[in-house]
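As structure tokens, the structure follows; a few thoughts come after it.
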Amino acid sequence: MDEEIQFYLDELAESMSKAIAHVSVEMSRIRAGKASPAMLDGLRVDYYGSPTPISQIATITAPDARSLLIKPWEKNMVGEVAKAIKNSDLGLNPVSDADGVRLNIPAMTEERRRELVKQAKNESEAGKVRVRGIRKEVNESLRKLLKEGASEDAIKSAEEKVQKTTDSYIAEVEKAFNKKESEIMTI
């Protein structure tokens, strides 16, 4: 039974790590005032009829804090890249030339900053919900082991470990949110 309990505890840590990684990825997609190639991570371009991530058809660089330069590996894709950016929800206006697409990132207004903080808060709440859901599943599995004959003390001890692990991952989500909030609000 001890091996099964340890299995669930290991599973808990692995699942919660994945949830934290997901929160980190989502936070990196929220723009924070300065240009970052990660802003375009979710963008897909029509590449010969199939939606393809922009990073697989072009090089994205940030020559300065206020602009991005996208250089497709095939020159005929410049128009498709510009079209994908215009049709996205990024709110950016692409400028095309023969070599690629330039995006000028405007300074954010106070209102826009608050919207982005709200978006980051929603991502952090979703992350916390995922972590708590994982806790619930593991606790239910532990209770099943109790019914199958595991000792009550071992299950209680495991549940305490589950709660400590949950608390530490919730704190990580909070830390990621606080970091993103300060990035967004720093002018």
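The way I read the labels, and the way they are meant: chains A, B, ... in the order of the structure tokens, residue 1 as the first residue of every chain, and ligand 1 as the first ligand shown, with later ones counted on from there.
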For this session: For A:Ala98, list every protein, DNA or RNA residue within 9 Å, evaluated using only C-alpha atoms, and leave out those in the same chain fewer than 3 positions away; present the list as a VMD selection string.
Result: chain A and resid 75 78 101
Take the residues from that selection and put them in a file with all heavy atoms, as a tab-separated table (two decimals), in the first residue's frame.
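Printed below is again10.tsv as written:
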```
chain	number	residue	atom	x	y	z
A	75	LYS	N	9.96	34.11	-49.20
A	75	LYS	CA	9.53	35.50	-49.44
A	75	LYS	C	8.04	35.60	-49.78
A	75	LYS	O	7.39	36.58	-49.42
A	75	LYS	CB	10.35	36.14	-50.59
A	75	LYS	CG	11.83	36.20	-50.33
A	75	LYS	CD	12.16	37.28	-49.35
A	75	LYS	CE	13.66	37.41	-49.21
A	75	LYS	NZ	14.10	37.75	-47.90
A	78	VAL	N	5.33	36.54	-46.93
A	78	VAL	CA	5.24	37.84	-46.25
A	78	VAL	C	3.78	38.30	-46.17
A	78	VAL	O	3.30	38.72	-45.11
A	78	VAL	CB	6.12	38.90	-46.96
A	78	VAL	CG1	5.85	40.29	-46.41
A	78	VAL	CG2	7.59	38.54	-46.82
A	101	VAL	N	8.01	41.39	-42.23
A	101	VAL	CA	6.94	42.18	-41.63
A	101	VAL	C	7.48	42.81	-40.36
A	101	VAL	O	8.09	42.13	-39.53
A	101	VAL	CB	5.72	41.29	-41.31
A	101	VAL	CG1	4.62	42.08	-40.65
A	101	VAL	CG2	5.20	40.62	-42.58
```
Exercise. Near stretch 16-21 of chain A, counting only C-alpha atoms, which residues have an atom at most 8 Å away, once you skip same-chain residues fewer than 5 positions from it, shown as a VMD selection string?
Worked result: chain A and resid 127 130 to 131 134 166 169 172 to 173
C-alpha atoms of the current selection, written as a PDB file, in the first residue's frame:
```pdb
ATOM      1  CA  GLY A 127      -4.067  27.599 -12.793  1.00  0.00           C
ATOM      2  CA  ARG A 130      -6.282  23.102 -12.075  1.00  0.00           C
ATOM      3  CA  VAL A 131      -4.000  22.568  -9.070  1.00  0.00           C
ATOM      4  CA  ILE A 134      -5.482  17.616  -9.126  1.00  0.00           C
ATOM      5  CA  THR A 166      -0.867  22.008  -3.183  1.00  0.00           C
ATOM      6  CA  TYR A 169       2.135  25.121  -6.133  1.00  0.00           C
ATOM      7  CA  GLU A 172       4.096  29.430  -7.353  1.00  0.00           C
ATOM      8  CA  VAL A 173       1.038  30.484  -9.355  1.00  0.00           C
TER       9      VAL A 173
END
```
Exercise. Using only C-alpha atoms, which of the listed residues (A:Ala38, A:Ala126, A:Val81, A:Val162) sits closest to A:Ala58?
Worked result: A:Val81
Exercise. Which residue out of A:Ile70, A:Ile57, A:Leu116, A:Met185 has the minimum interatomic distance to A:Val45 when only C-alpha atoms are used?
Worked result: A:Ile57
Problem set entry | Expected answer as number ranges by chain: helix (DSSP H, G or I) residues in stretch 103-146 of chain A | A: 110-146
Problem set entry | Surrounding residues of A:Thr61 excluding itself and chain neighbours under 6 positions, 10 Å, only C-alpha atoms, as a ChimeraX atom specification | /A:35-38,67-71,102
For this session: Check the smallest atom-to-atom distance from each of A:Arg113, A:Leu43, A:Gln56, A:Pro51 to A:Glu183 using only C-alpha atoms, then report the winner.
Result: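 Of all the options, A:Arg113 lies closest to A:Glu183.
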For this session: Using DSSP on the backbone, list every residue of stretch 35-173 of chain A that comes out as strand (DSSP E or B), and give them as a ChimeraX atom specification.
Result: /A:44-47,50-53,58-64,67-72,94-96,101-104
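Residue nearest A:Met108, chosen from A:Ser50, A:Lys121, A:Asn178, A:Ile184 and counting only C-alpha atoms: A:Ile184.
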Seminar exercise, completed: Restricting to only C-alpha atoms, whichever of A:Asp46, A:Glu3, A:Glu140, A:Glu125 is closest to A:Asn87 is A:Asp46
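Closest approach to A:Val23 among A:Ala120, A:Ile60, A:Val138, A:Leu145: A:Ala120, based on only C-alpha atoms.
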Exercise. Expressed in Å to a single decimal, how great is the separation between atom CA of A:Gly91 and atom CA of A:Lys128?
Worked result: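 Atom CA of A:Gly91 sits 28.6 Å away from atom CA of A:Lys128.
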